[in-house]
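final-v8.txt (compact mmCIF, C-alpha atoms and all ligand atoms) appears below.
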# COMPACT_ATOMS: atom_id res chain seq x y z
CA MET A 910 -13.56 -111.45 -79.63
CA SER A 911 -14.79 -108.16 -78.23
CA ALA A 912 -13.17 -104.99 -79.55
CA ARG A 913 -11.85 -104.25 -76.08
CA LEU A 914 -9.80 -107.45 -76.07
CA ARG A 915 -8.23 -107.12 -79.50
CA PRO A 916 -4.43 -107.51 -79.13
CA ASP A 917 -3.59 -104.24 -80.88
CA SER A 918 -5.99 -102.27 -78.71
CA ARG A 919 -4.10 -103.49 -75.64
CA ARG A 920 -0.90 -102.01 -77.05
CA ARG A 921 -2.43 -98.55 -77.36
CA THR A 922 -2.27 -96.04 -74.53
CA PRO A 923 -5.82 -94.72 -74.46
CA LEU A 924 -4.88 -91.84 -72.21
CA SER A 925 -2.17 -90.57 -74.59
CA PRO A 926 -3.03 -86.94 -75.45
CA ARG A 927 -2.61 -87.72 -79.16
CA HIS A 928 -5.97 -89.58 -79.02
CA TRP A 929 -8.09 -86.82 -77.60
CA VAL A 930 -6.42 -83.42 -77.94
CA PRO A 931 -6.16 -81.57 -81.26
CA GLU A 932 -2.46 -81.29 -82.11
CA ALA A 933 -2.42 -77.49 -82.41
CA LEU A 934 -4.09 -77.13 -79.00
CA PHE A 935 -1.63 -79.53 -77.35
CA ASP A 936 1.36 -77.76 -78.92
CA PHE A 937 0.04 -74.37 -77.82
CA TRP A 938 -0.36 -75.33 -74.15
CA ALA A 939 2.67 -77.66 -73.91
CA GLY A 940 4.81 -75.07 -75.71
CA GLY A 941 3.88 -72.58 -72.99
CA LEU A 942 5.43 -74.92 -70.41
CA HIS A 943 8.47 -75.85 -72.50
CA PRO A 944 9.01 -74.64 -76.08
CA LEU A 945 10.36 -78.02 -77.28
CA TRP A 946 7.31 -79.99 -76.05
CA THR A 947 5.01 -80.88 -78.94
CA LEU A 948 2.73 -83.78 -79.73
CA ARG A 949 4.44 -84.80 -82.96
CA ARG A 950 6.16 -81.84 -84.53
CA PRO A 951 9.95 -81.59 -84.58
CA ARG A 952 11.33 -78.36 -83.16
CA ALA A 953 14.88 -77.29 -82.36
CA ARG A 954 16.45 -74.86 -79.93
CA LEU A 955 19.39 -72.63 -80.83
CA VAL A 956 22.11 -73.49 -78.30
CA ALA A 957 25.28 -71.96 -79.78
CA ARG A 958 26.50 -69.75 -82.62
CA GLU A 959 29.99 -69.04 -83.91
CA ALA A 960 31.57 -67.39 -86.96
CA ALA A 961 32.31 -69.79 -89.81
CA SER A 962 33.79 -67.25 -92.28
CA ALA A 963 33.64 -63.53 -93.03
CA ASP A 964 29.95 -63.77 -93.96
CA ALA A 965 28.72 -67.07 -92.48
CA VAL A 966 27.92 -68.41 -89.04
CA THR A 967 27.48 -71.91 -87.69
CA LEU A 968 24.47 -72.49 -85.46
CA ILE A 969 24.12 -75.49 -83.17
CA LEU A 970 20.51 -76.66 -82.87
CA LYS A 971 19.20 -79.17 -80.37
CA PRO A 972 16.19 -80.97 -81.87
CA ASN A 973 13.34 -82.41 -79.78
CA ARG A 974 12.56 -86.13 -79.76
CA HIS A 975 10.28 -85.96 -82.81
CA PHE A 976 13.17 -85.35 -85.22
CA ARG A 977 13.78 -88.68 -86.94
CA GLY A 978 17.43 -88.10 -87.88
CA MET A 979 19.08 -87.66 -91.26
CA ALA A 980 21.66 -88.96 -93.69
CA ALA A 981 24.72 -86.87 -94.48
CA GLY A 982 23.96 -84.62 -97.46
CA GLN A 983 20.26 -84.19 -96.65
CA HIS A 984 18.50 -80.95 -95.76
CA VAL A 985 15.90 -79.75 -93.29
CA ASN A 986 13.36 -76.94 -93.37
CA LEU A 987 13.55 -74.38 -90.58
CA GLY A 988 10.50 -72.32 -89.71
CA VAL A 989 11.59 -68.99 -88.26
CA GLU A 990 9.57 -66.01 -87.09
CA VAL A 991 10.89 -62.75 -88.52
CA ASP A 992 9.03 -59.48 -87.84
CA GLY A 993 5.95 -61.40 -86.78
CA ARG A 994 5.86 -63.56 -89.92
CA ARG A 995 6.65 -67.28 -90.10
CA LEU A 996 9.15 -67.92 -92.92
CA THR A 997 10.55 -71.29 -93.94
CA ARG A 998 13.94 -71.93 -95.51
CA SER A 999 16.06 -75.03 -96.08
CA TYR A 1000 19.49 -75.69 -94.59
CA SER A 1001 21.92 -78.61 -94.85
CA PRO A 1002 23.05 -79.65 -91.38
CA THR A 1003 25.90 -81.79 -90.20
CA ARG A 1004 24.64 -84.10 -87.46
CA LEU A 1005 27.11 -84.02 -84.58
CA ALA A 1006 27.95 -86.97 -82.32
CA ASP A 1007 25.71 -85.67 -79.50
CA GLY A 1008 22.65 -85.52 -81.80
CA THR A 1009 22.71 -81.75 -82.26
CA LEU A 1010 22.59 -80.25 -85.75
CA ALA A 1011 25.25 -77.82 -86.99
CA ILE A 1012 23.90 -75.57 -89.73
CA THR A 1013 26.14 -73.06 -91.41
CA VAL A 1014 24.29 -70.06 -92.79
CA LYS A 1015 25.65 -67.53 -95.24
CA ALA A 1016 24.26 -64.09 -94.44
CA ILE A 1017 22.67 -62.92 -97.70
CA ASP A 1018 22.39 -59.14 -98.26
CA GLY A 1019 18.73 -58.31 -97.64
CA GLY A 1020 18.01 -61.97 -96.80
CA ARG A 1021 15.26 -62.16 -94.20
CA VAL A 1022 15.92 -65.55 -92.65
CA SER A 1023 19.70 -65.77 -93.12
CA GLN A 1024 20.23 -62.36 -91.49
CA HIS A 1025 17.97 -63.34 -88.61
CA LEU A 1026 19.86 -66.61 -88.09
CA ALA A 1027 23.26 -64.98 -88.52
CA SER A 1028 22.76 -62.24 -85.96
CA GLY A 1029 19.16 -61.58 -84.90
CA ALA A 1030 18.04 -64.84 -83.27
CA PRO A 1031 19.00 -64.99 -79.57
CA LEU A 1032 20.41 -68.17 -78.05
CA GLY A 1033 17.50 -70.21 -76.73
CA GLU A 1034 15.16 -69.32 -79.63
CA VAL A 1035 13.12 -72.30 -80.81
CA PHE A 1036 12.50 -73.00 -84.51
CA GLU A 1037 10.06 -75.27 -86.29
CA LEU A 1038 12.10 -78.10 -87.82
CA GLY A 1039 11.04 -80.32 -90.73
CA GLN A 1040 12.08 -83.94 -91.19
CA ALA A 1041 15.16 -84.44 -93.36
CA PHE A 1042 14.79 -84.65 -97.15
CA GLY A 1043 16.97 -84.82 -100.26
CA GLY A 1044 18.80 -87.57 -102.10
CA MET A 1045 22.33 -86.19 -102.48
CA THR A 1046 23.83 -88.85 -100.26
CA LEU A 1047 26.86 -91.09 -100.78
CA PRO A 1048 26.52 -93.79 -103.46
CA PRO A 1049 26.04 -97.42 -102.35
CA GLN A 1050 29.32 -98.30 -104.06
CA ALA A 1051 31.63 -96.87 -101.40
CA ASP A 1052 34.82 -96.88 -103.51
CA GLN A 1053 33.40 -95.00 -106.52
CA ARG A 1054 35.49 -92.01 -107.53
CA LEU A 1055 33.84 -88.80 -106.35
CA LEU A 1056 33.98 -85.23 -107.54
CA LEU A 1057 32.29 -82.82 -105.13
CA LEU A 1058 31.60 -79.34 -106.55
CA ALA A 1059 30.43 -76.63 -104.15
CA ALA A 1060 29.92 -72.89 -104.49
CA GLY A 1061 29.17 -70.58 -101.55
CA SER A 1062 26.80 -72.17 -99.05
CA GLY A 1063 26.72 -75.28 -101.30
CA ILE A 1064 29.68 -76.46 -99.21
CA THR A 1065 27.37 -77.42 -96.32
CA PRO A 1066 26.10 -80.81 -97.59
CA MET A 1067 29.59 -81.57 -98.96
CA ARG A 1068 31.06 -81.06 -95.50
CA ALA A 1069 28.58 -83.57 -94.06
CA LEU A 1070 29.44 -86.08 -96.83
CA LEU A 1071 33.17 -85.59 -96.28
CA ARG A 1072 32.78 -86.21 -92.55
CA GLN A 1073 31.02 -89.46 -93.37
CA LEU A 1074 33.82 -90.44 -95.77
CA ASP A 1075 36.40 -89.42 -93.16
CA ALA A 1076 34.78 -91.68 -90.56
CA ALA A 1077 34.80 -94.55 -93.09
CA GLY A 1078 38.53 -94.07 -93.79
CA MET A 1079 38.03 -92.30 -97.17
CA PRO A 1080 37.21 -95.42 -99.21
CA ALA A 1081 37.21 -93.52 -102.53
CA GLN A 1082 39.40 -91.09 -104.43
CA VAL A 1083 37.71 -87.73 -103.79
CA ASP A 1084 38.26 -84.23 -105.19
CA LEU A 1085 36.46 -81.34 -103.48
CA LEU A 1086 36.28 -78.21 -105.65
CA TYR A 1087 35.10 -75.33 -103.49
CA TRP A 1088 34.36 -71.95 -105.10
CA ALA A 1089 33.88 -68.71 -103.16
CA ARG A 1090 34.42 -65.08 -104.06
CA GLN A 1091 37.23 -64.40 -101.61
CA ARG A 1092 39.37 -66.59 -99.38
CA GLU A 1093 37.77 -65.02 -96.28
CA ALA A 1094 34.40 -66.40 -97.40
CA LEU A 1095 35.61 -70.03 -97.34
CA CYS A 1096 34.18 -72.12 -94.46
CA PHE A 1097 35.63 -75.19 -92.70
CA VAL A 1098 39.16 -74.60 -94.06
CA ASP A 1099 40.97 -76.00 -91.00
CA GLU A 1100 38.70 -79.01 -90.87
CA LEU A 1101 39.04 -79.75 -94.59
CA ASP A 1102 42.82 -79.29 -94.51
CA ALA A 1103 43.09 -81.67 -91.55
CA MET A 1104 40.97 -84.25 -93.39
CA ALA A 1105 43.12 -83.96 -96.51
CA ALA A 1106 46.26 -84.37 -94.37
CA ARG A 1107 44.78 -87.56 -92.86
CA HIS A 1108 43.69 -89.03 -96.21
CA PRO A 1109 45.94 -88.85 -99.30
CA ARG A 1110 42.90 -89.96 -101.37
CA LEU A 1111 41.20 -86.62 -100.63
CA ARG A 1112 42.26 -83.50 -102.55
CA VAL A 1113 40.75 -80.15 -101.58
CA HIS A 1114 40.85 -77.33 -104.16
CA TYR A 1115 39.93 -73.85 -102.86
CA LEU A 1116 38.80 -71.62 -105.71
CA PRO A 1117 38.39 -67.94 -104.70
CA THR A 1118 37.34 -66.30 -107.97
CA ARG A 1119 37.97 -62.72 -106.82
CA ASP A 1120 41.28 -63.30 -105.09
CA ALA A 1121 43.48 -60.24 -105.67
CA GLN A 1122 46.67 -62.28 -106.24
CA ALA A 1123 45.46 -65.39 -108.02
CA PRO A 1124 41.78 -65.38 -109.04
CA ALA A 1125 40.60 -68.94 -109.60
CA PRO A 1126 38.81 -69.95 -112.81
CA ARG A 1127 35.02 -70.13 -112.56
CA VAL A 1128 33.23 -73.39 -113.19
CA ASP A 1129 32.71 -72.56 -116.89
CA ALA A 1130 36.48 -72.34 -117.44
CA TYR A 1131 37.79 -74.91 -114.95
CA ALA A 1132 40.12 -77.58 -116.39
CA PHE A 1133 38.29 -80.66 -115.08
CA ASP A 1134 40.36 -83.00 -117.28
CA ALA A 1135 43.43 -82.24 -115.16
CA LEU A 1136 41.76 -84.00 -112.19
CA GLY A 1137 41.98 -87.32 -114.04
CA ASP A 1138 39.65 -90.30 -114.33
CA LEU A 1139 36.49 -88.31 -115.15
CA PRO A 1140 34.61 -91.13 -116.95
CA SER A 1141 34.37 -93.24 -113.79
CA ALA A 1142 33.46 -90.32 -111.51
CA ARG A 1143 30.20 -89.64 -109.71
CA VAL A 1144 29.79 -85.87 -109.51
CA LEU A 1145 27.75 -84.12 -106.82
CA VAL A 1146 27.11 -80.40 -107.34
CA CYS A 1147 25.60 -77.89 -104.92
CA GLY A 1148 25.36 -74.09 -105.00
CA PRO A 1149 23.43 -71.27 -106.65
CA GLY A 1150 21.26 -72.19 -109.64
CA GLY A 1151 23.51 -70.63 -112.29
CA PHE A 1152 26.57 -72.47 -110.94
CA VAL A 1153 24.75 -75.79 -110.85
CA ASP A 1154 23.45 -75.35 -114.40
CA THR A 1155 26.90 -74.52 -115.78
CA ALA A 1156 28.51 -77.47 -113.99
CA ARG A 1157 25.84 -79.79 -115.34
CA ALA A 1158 26.26 -78.52 -118.89
CA ARG A 1159 30.03 -78.97 -118.71
CA LEU A 1160 30.22 -82.40 -117.09
CA GLN A 1161 27.05 -84.36 -117.78
CA SER A 1162 28.29 -86.17 -120.89
CA GLN A 1163 31.78 -86.86 -119.53
CA VAL A 1164 31.17 -88.57 -116.19
CA ALA A 1165 29.56 -91.78 -114.89
CA ALA A 1166 26.84 -90.02 -112.86
CA LEU A 1167 25.91 -86.46 -111.98
CA GLN A 1168 23.61 -85.23 -109.25
CA VAL A 1169 22.84 -81.58 -108.60
CA GLU A 1170 21.00 -79.50 -106.03
CA ALA A 1171 20.47 -75.76 -106.40
CA PHE A 1172 20.16 -73.48 -103.37
CA SER A 1173 18.79 -70.54 -105.38
CA PRO A 1174 16.87 -70.54 -108.66
CA PRO A 1175 18.56 -69.78 -111.99
CA VAL A 1176 16.83 -67.09 -114.01
CA LEU A 1177 15.27 -68.41 -117.20
CA PRO A 1178 16.05 -65.81 -119.86
CA ASP A 1179 12.82 -66.29 -121.80
CA ALA A 1180 10.29 -66.31 -118.96
CA GLU A 1181 6.72 -65.90 -120.19
CA THR A 1182 4.84 -62.65 -119.70
CA GLY A 1183 1.21 -61.58 -119.21
CA LEU A 1184 -1.53 -62.78 -116.85
CA VAL A 1185 -3.61 -65.98 -116.71
CA GLN A 1186 -6.67 -66.95 -114.66
CA VAL A 1187 -5.91 -69.41 -111.87
CA GLU A 1188 -8.94 -70.97 -110.18
CA LEU A 1189 -8.37 -72.21 -106.62
CA ARG A 1190 -11.11 -74.82 -106.50
CA ARG A 1191 -11.14 -75.54 -102.76
CA SER A 1192 -11.14 -71.93 -101.65
CA GLY A 1193 -13.54 -70.88 -104.40
CA ARG A 1194 -11.37 -68.01 -105.65
CA THR A 1195 -10.05 -67.10 -109.09
CA LEU A 1196 -6.95 -64.92 -109.34
CA ALA A 1197 -5.17 -63.24 -112.23
CA LEU A 1198 -1.57 -64.42 -111.79
CA PRO A 1199 1.53 -63.52 -113.82
CA ARG A 1200 3.05 -66.11 -116.15
CA GLY A 1201 6.81 -66.54 -115.74
CA THR A 1202 6.63 -66.27 -111.92
CA SER A 1203 6.49 -69.40 -109.76
CA LEU A 1204 2.96 -70.18 -108.60
CA LEU A 1205 4.20 -70.06 -105.00
CA GLN A 1206 5.56 -66.52 -105.36
CA ALA A 1207 2.52 -65.39 -107.33
CA LEU A 1208 0.10 -66.76 -104.70
CA GLU A 1209 2.15 -65.23 -101.88
CA ALA A 1210 2.03 -61.89 -103.68
CA GLU A 1211 -1.78 -62.19 -103.49
CA GLY A 1212 -1.55 -62.61 -99.70
CA LEU A 1213 -2.01 -66.40 -99.68
CA ARG A 1214 0.26 -68.70 -97.66
CA PRO A 1215 0.45 -72.11 -99.36
CA ALA A 1216 2.62 -74.61 -97.46
CA SER A 1217 6.22 -74.36 -98.60
CA GLY A 1218 9.73 -75.28 -97.55
CA CYS A 1219 12.83 -75.38 -99.74
CA ARG A 1220 11.28 -73.25 -102.54
CA MET A 1221 13.52 -75.17 -104.96
CA GLY A 1222 11.53 -78.28 -105.88
CA ILE A 1223 13.28 -80.65 -103.49
CA CYS A 1224 11.23 -81.12 -100.29
CA ASN A 1225 7.71 -81.71 -101.77
CA THR A 1226 6.03 -79.51 -99.13
CA CYS A 1227 4.27 -77.35 -101.74
CA VAL A 1228 2.86 -80.15 -103.93
CA CYS A 1229 -0.78 -79.59 -104.83
CA GLY A 1230 -3.30 -81.06 -107.26
CA LYS A 1231 -3.71 -79.54 -110.71
CA ALA A 1232 -7.08 -80.28 -112.34
CA SER A 1233 -6.29 -78.69 -115.70
CA GLY A 1234 -4.06 -76.25 -117.56
CA VAL A 1235 -0.44 -76.02 -118.65
CA THR A 1236 2.39 -75.26 -116.24
CA ARG A 1237 6.00 -74.47 -117.04
CA HIS A 1238 8.90 -75.68 -114.91
CA THR A 1239 10.80 -72.58 -113.80
CA LEU A 1240 14.18 -74.37 -113.61
CA THR A 1241 14.08 -76.41 -116.84
CA GLY A 1242 11.58 -74.50 -118.97
CA GLU A 1243 9.64 -77.75 -119.65
CA TYR A 1244 5.86 -77.66 -120.07
CA ALA A 1245 3.39 -80.04 -118.38
CA ALA A 1246 -0.09 -80.23 -119.88
CA GLU A 1247 -1.55 -83.45 -118.42
CA PRO A 1248 -4.77 -82.88 -116.39
CA ALA A 1249 -5.50 -84.34 -112.93
CA THR A 1250 -1.90 -84.41 -111.83
CA GLN A 1251 0.28 -82.90 -109.14
CA VAL A 1252 2.35 -79.76 -109.37
CA LYS A 1253 5.07 -78.26 -107.18
CA LEU A 1254 4.05 -74.65 -106.73
CA CYS A 1255 7.60 -73.41 -106.04
CA VAL A 1256 9.11 -74.52 -109.36
CA ASN A 1257 6.18 -74.17 -111.75
CA SER A 1258 4.56 -71.14 -113.26
CA ALA A 1259 1.19 -70.94 -114.96
CA SER A 1260 1.54 -70.96 -118.73
CA THR A 1261 -2.22 -71.06 -119.48
CA ASP A 1262 -5.33 -70.70 -117.30
CA LEU A 1263 -5.20 -73.29 -114.51
CA ILE A 1264 -7.41 -75.01 -111.99
CA LEU A 1265 -5.62 -75.92 -108.77
CA GLU A 1266 -6.87 -77.98 -105.80
CA LEU A 1267 -6.09 -75.24 -103.31
C1 LIG B 1 17.92 -77.68 -100.25
C2 LIG B 1 18.53 -76.38 -99.79
C3 LIG B 1 19.52 -76.37 -98.81
C4 LIG B 1 20.10 -75.17 -98.39
N1 LIG B 1 21.11 -75.19 -97.46
C5 LIG B 1 21.68 -74.03 -97.07
C6 LIG B 1 22.74 -74.01 -96.10
O1 LIG B 1 23.14 -75.06 -95.56
N2 LIG B 1 23.29 -72.81 -95.77
C7 LIG B 1 22.85 -71.63 -96.33
O2 LIG B 1 23.38 -70.56 -95.98
N3 LIG B 1 21.84 -71.61 -97.24
C8 LIG B 1 21.24 -72.78 -97.60
N4 LIG B 1 20.20 -72.75 -98.49
C9 LIG B 1 19.65 -71.44 -98.91
C10 LIG B 1 18.60 -71.00 -97.85
O3 LIG B 1 17.49 -71.88 -97.87
C11 LIG B 1 18.04 -69.60 -98.11
O4 LIG B 1 17.63 -69.50 -99.44
C12 LIG B 1 19.06 -68.51 -97.80
O5 LIG B 1 19.45 -68.59 -96.43
C13 LIG B 1 18.48 -67.12 -98.09
O6 LIG B 1 17.28 -66.97 -97.39
P1 LIG B 1 16.83 -65.50 -96.93
O7 LIG B 1 15.48 -65.61 -96.29
O8 LIG B 1 17.91 -64.89 -96.11
O9 LIG B 1 16.75 -64.73 -98.30
P2 LIG B 1 15.41 -64.15 -98.99
O10 LIG B 1 14.84 -63.09 -98.12
O11 LIG B 1 14.53 -65.33 -99.34
O12 LIG B 1 16.02 -63.58 -100.34
C14 LIG B 1 16.75 -62.36 -100.35
C15 LIG B 1 17.50 -62.25 -101.67
O13 LIG B 1 18.58 -63.18 -101.71
C16 LIG B 1 18.50 -64.02 -102.86
N5 LIG B 1 18.88 -65.38 -102.42
C17 LIG B 1 18.10 -66.28 -101.78
N6 LIG B 1 18.81 -67.39 -101.51
C18 LIG B 1 20.06 -67.18 -101.95
C19 LIG B 1 21.26 -67.96 -101.95
N7 LIG B 1 21.31 -69.21 -101.42
N8 LIG B 1 22.37 -67.41 -102.53
C20 LIG B 1 22.35 -66.17 -103.06
N9 LIG B 1 21.23 -65.38 -103.08
C21 LIG B 1 20.11 -65.88 -102.55
C22 LIG B 1 17.02 -63.99 -103.27
O14 LIG B 1 16.88 -64.24 -104.65
C23 LIG B 1 16.64 -62.56 -102.90
O15 LIG B 1 17.01 -61.67 -103.92
C24 LIG B 1 19.65 -73.94 -98.94
C25 LIG B 1 18.63 -73.95 -99.90
C26 LIG B 1 18.09 -75.14 -100.34
C27 LIG B 1 17.01 -75.12 -101.38
S1 LIG B 2 8.71 -75.83 -101.31
FE1 LIG B 2 10.01 -77.61 -101.39
S2 LIG B 2 9.30 -78.58 -103.23
FE2 LIG B 2 8.27 -76.69 -103.21
Kindly present the structure from the file in structure tokens form.
Amino acid sequence: MSARLRPDSRRRTPLSPRHWVPEALFDFWAGGLHPLWTLRRPRARLVAREAASADAVTLILKPNRHFRGMAAGQHVNLGVEVDGRRLTRSYSPTRLADGTLAITVKAIDGGRVSQHLASGAPLGEVFELGQAFGGMTLPPQADQRLLLLAAGSGITPMRALLRQLDAAGMPAQVDLLYWARQREALCFVDELDAMAARHPRLRVHYLPTRDAQAPAPRVDAYAFDALGDLPSARVLVCGPGGFVDTARARLQSQVAALQVEAFSPPVLPDAETGLVQVELRRSGRTLALPRGTSLLQALEAEGLRPASGCRMGICNTCVCGKASGVTRHTLTGEYAAEPATQVKLCVNSASTDLILEL
């Protein structure tokens, strides 16, 4: 059979631009006509913004047709241009019924992307959007007791999970423990209260730790036993690194399963010091980089721009080959010495001289 008549070749569309135009060129010209037109890349347009709390806003994003969708509890990377520089950060959307994504962003003091999203970005701005990632989704066993622990912006994936449980009629006993500094910083209060009123199996505990009248106990002092039935519970934890670490230390041995995701890195008290030589084999450069700093940060400080996304070890965007040398995990402190392996640049620092496939 001639190649021209092969069945699969008949299914192709030989005039499709993806077969003859370089992607970047297509996106450049198509983007000039309409910013959401791309060959393959997901992008999203900012269509609405409203206050979600004293220091957070909810943005509604309309993705283009290349976004493949997401499960509740997953995250996406947003590529945003701030002061002429493309920066990427992760956010945890709730997918709304019309296919738009609601992301709630806490405006961090001095935060480049969160401040831009909270107030700088005009309606109509278009962002690069990554495909969804992350495994903090609901367990297959729908009726398993759940304990959801959130601090600050860690509430965002929990809200998406609770909406999924709400739609399914709340098949499990669920406690949401939601820490914030002040009451005014709590998001989604009306929505969560309404859900709890609909479902007696859902209990929502607001925990403002700096409340003037009744400051709530922090996670290190919280009386989890009073919630009941801990040994059968699956616990999902999301928030800043220190919060997540403390929750894990307190609950890991007492519950059926525990899953955590940190939105900001904890600081390892005994980070290593000094410089090591890091050879970047593909670019033919050798740099003196500090130990105790993530390879991603250290390379960025040298003016390099390795691909990155969540900066927390979750999305795999920054994975690169390591030919030799010892790295240290910046979240756990564990060392990895095996050669010819892969390393996530955002959550590993160089402990000895290294050779990277960069
Ligand atoms: C998987 C994942 C999902 C996330 N989902 C959300 C979300 O739904 N909503 C949301 O608001 N944020 C979320 N984040 C955090 C978000 O990605 C950014 O880190 C945050 O918006 C700050 O970015 P920035 O550019 O404003 O701050 P940067 O300019 O990067 O940092 C400024 C300063 O703020 C500190 N900082 C950075 N992030 C945080 C943080 N989260 N809390 C406290 N201090 C911080 C930095 O250490 C630095 O000192 C998520 C993070 C991850 C890893
Ligand atoms: S940037 Fe997401 S894993 Fe490193």
For Ile1012 in chain A: contacts at 6 Å, all atoms listed in the file, fewer than 4 positions along chain excluded, given as JSON, numbers by chain: {"A": [967, 968, 1002]}
Residue with smallest distance to Gly1218 in chain A - pool A:Gln1040, A:Gln1186, A:Ser1260, A:Thr1250, counting all atoms listed in the file: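 Checking each of A:Gln1040, A:Gln1186, A:Ser1260, A:Thr1250 against Gly1218 in chain A, counting all atoms listed in the file, the winner is A:Gln1040.
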Shell of 7 Å around ligand LIG 1 (chain B) (only C-alpha atoms and all ligand atoms), written as an MDAnalysis selection string: chainID A and resid 984 998:1002 1012:1024 1062:1063 1065:1066 1149 1170:1173 1219:1221 1223
Within-12 Å residues of ligand LIG 2 (chain B), basis all atoms listed in the file, as a VMD selection string: chain A and resid 984 to 987 996 to 1000 1039 1041 to 1043 1171 to 1174 1203 to 1206 1214 to 1229 1238 to 1239 1251 to 1257
Would you mind exporting the chosen residues as a PDB file, in the coordinates of the input, restricted to C-alpha atoms?
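The result, written out as again22.pdb:
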ATOM      1  CA  HIS A 984      18.500 -80.950 -95.760  1.00  0.00           C
ATOM      2  CA  VAL A 985      15.900 -79.750 -93.290  1.00  0.00           C
ATOM      3  CA  ASN A 986      13.360 -76.940 -93.370  1.00  0.00           C
ATOM      4  CA  LEU A 987      13.550 -74.380 -90.580  1.00  0.00           C
ATOM      5  CA  LEU A 996       9.150 -67.920 -92.920  1.00  0.00           C
ATOM      6  CA  THR A 997      10.550 -71.290 -93.940  1.00  0.00           C
ATOM      7  CA  ARG A 998      13.940 -71.930 -95.510  1.00  0.00           C
ATOM      8  CA  SER A 999      16.060 -75.030 -96.080  1.00  0.00           C
ATOM      9  CA  TYR A1000      19.490 -75.690 -94.590  1.00  0.00           C
ATOM     10  CA  GLY A1039      11.040 -80.320 -90.730  1.00  0.00           C
ATOM     11  CA  ALA A1041      15.160 -84.440 -93.360  1.00  0.00           C
ATOM     12  CA  PHE A1042      14.790 -84.650 -97.150  1.00  0.00           C
ATOM     13  CA  GLY A1043      16.970 -84.820-100.260  1.00  0.00           C
ATOM     14  CA  ALA A1171      20.470 -75.760-106.400  1.00  0.00           C
ATOM     15  CA  PHE A1172      20.160 -73.480-103.370  1.00  0.00           C
ATOM     16  CA  SER A1173      18.790 -70.540-105.380  1.00  0.00           C
ATOM     17  CA  PRO A1174      16.870 -70.540-108.660  1.00  0.00           C
ATOM     18  CA  SER A1203       6.490 -69.400-109.760  1.00  0.00           C
ATOM     19  CA  LEU A1204       2.960 -70.180-108.600  1.00  0.00           C
ATOM     20  CA  LEU A1205       4.200 -70.060-105.000  1.00  0.00           C
ATOM     21  CA  GLN A1206       5.560 -66.520-105.360  1.00  0.00           C
ATOM     22  CA  ARG A1214       0.260 -68.700 -97.660  1.00  0.00           C
ATOM     23  CA  PRO A1215       0.450 -72.110 -99.360  1.00  0.00           C
ATOM     24  CA  ALA A1216       2.620 -74.610 -97.460  1.00  0.00           C
ATOM     25  CA  SER A1217       6.220 -74.360 -98.600  1.00  0.00           C
ATOM     26  CA  GLY A1218       9.730 -75.280 -97.550  1.00  0.00           C
ATOM     27  CA  CYS A1219      12.830 -75.380 -99.740  1.00  0.00           C
ATOM     28  CA  ARG A1220      11.280 -73.250-102.540  1.00  0.00           C
ATOM     29  CA  MET A1221      13.520 -75.170-104.960  1.00  0.00           C
ATOM     30  CA  GLY A1222      11.530 -78.280-105.880  1.00  0.00           C
ATOM     31  CA  ILE A1223      13.280 -80.650-103.490  1.00  0.00           C
ATOM     32  CA  CYS A1224      11.230 -81.120-100.290  1.00  0.00           C
ATOM     33  CA  ASN A1225       7.710 -81.710-101.770  1.00  0.00           C
ATOM     34  CA  THR A1226       6.030 -79.510 -99.130  1.00  0.00           C
ATOM     35  CA  CYS A1227       4.270 -77.350-101.740  1.00  0.00           C
ATOM     36  CA  VAL A1228       2.860 -80.150-103.930  1.00  0.00           C
ATOM     37  CA  CYS A1229      -0.780 -79.590-104.830  1.00  0.00           C
ATOM     38  CA  HIS A1238       8.900 -75.680-114.910  1.00  0.00           C
ATOM     39  CA  THR A1239      10.800 -72.580-113.800  1.00  0.00           C
ATOM     40  CA  GLN A1251       0.280 -82.900-109.140  1.00  0.00           C
ATOM     41  CA  VAL A1252       2.350 -79.760-109.370  1.00  0.00           C
ATOM     42  CA  LYS A1253       5.070 -78.260-107.180  1.00  0.00           C
ATOM     43  CA  LEU A1254       4.050 -74.650-106.730  1.00  0.00           C
ATOM     44  CA  CYS A1255       7.600 -73.410-106.040  1.00  0.00           C
ATOM     45  CA  VAL A1256       9.110 -74.520-109.360  1.00  0.00           C
ATOM     46  CA  ASN A1257       6.180 -74.170-111.750  1.00  0.00           C
TER      47      ASN A1257
END
Distance in Å - CA of Lys1231 in chain A versus CA of Asp1179 in chain A: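 Between CA of Lys1231 in chain A and CA of Asp1179 in chain A the gap works out to 23.9 Å.
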Centre, edges in Å (one decimal): axis-aligned box, range 1132-1149 of chain A, 4 Å padding on all six sides, as lines of an AutoDock Vina configuration file:
center_x = 33.4
center_y = -82.3
center_z = -111.1
size_x = 28.0
size_y = 30.0
size_z = 20.4
Shell around Arg954 in chain A at 12 Å using all atoms listed in the file, local window under 2 positions removed, as number ranges by chain: A: 943-946, 951-952, 956-958, 968-974, 987-989, 1009-1011, 1030-1038
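From CA of Gly1212 in chain A back to CA of Glu932 in chain A, the distance works out to 25.7 Å.
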Atom pair CA of Asp1052 in chain A / CA of Gly982 in chain A: separation (Å):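 Taking CA of Asp1052 in chain A and CA of Gly982 in chain A, their separation equals 17.5 Å.
Residues surrounding Tyr1115 in chain A within 7 Å are Leu1086, Tyr1087 and Trp1088 of chain A [all atoms listed in the file; sequence separation below 5 positions excluded].
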For Ala961 in chain A, the nearest of the candidates A:Asp1075, A:Gln1163, A:Tyr1244, A:Glu1093, counting only C-alpha atoms: A:Glu1093
Glu1181 in chain A environment, 10 Å, all atoms listed in the file, sequence neighbours closer than 2 positions dropped, as a count of residues only: 14
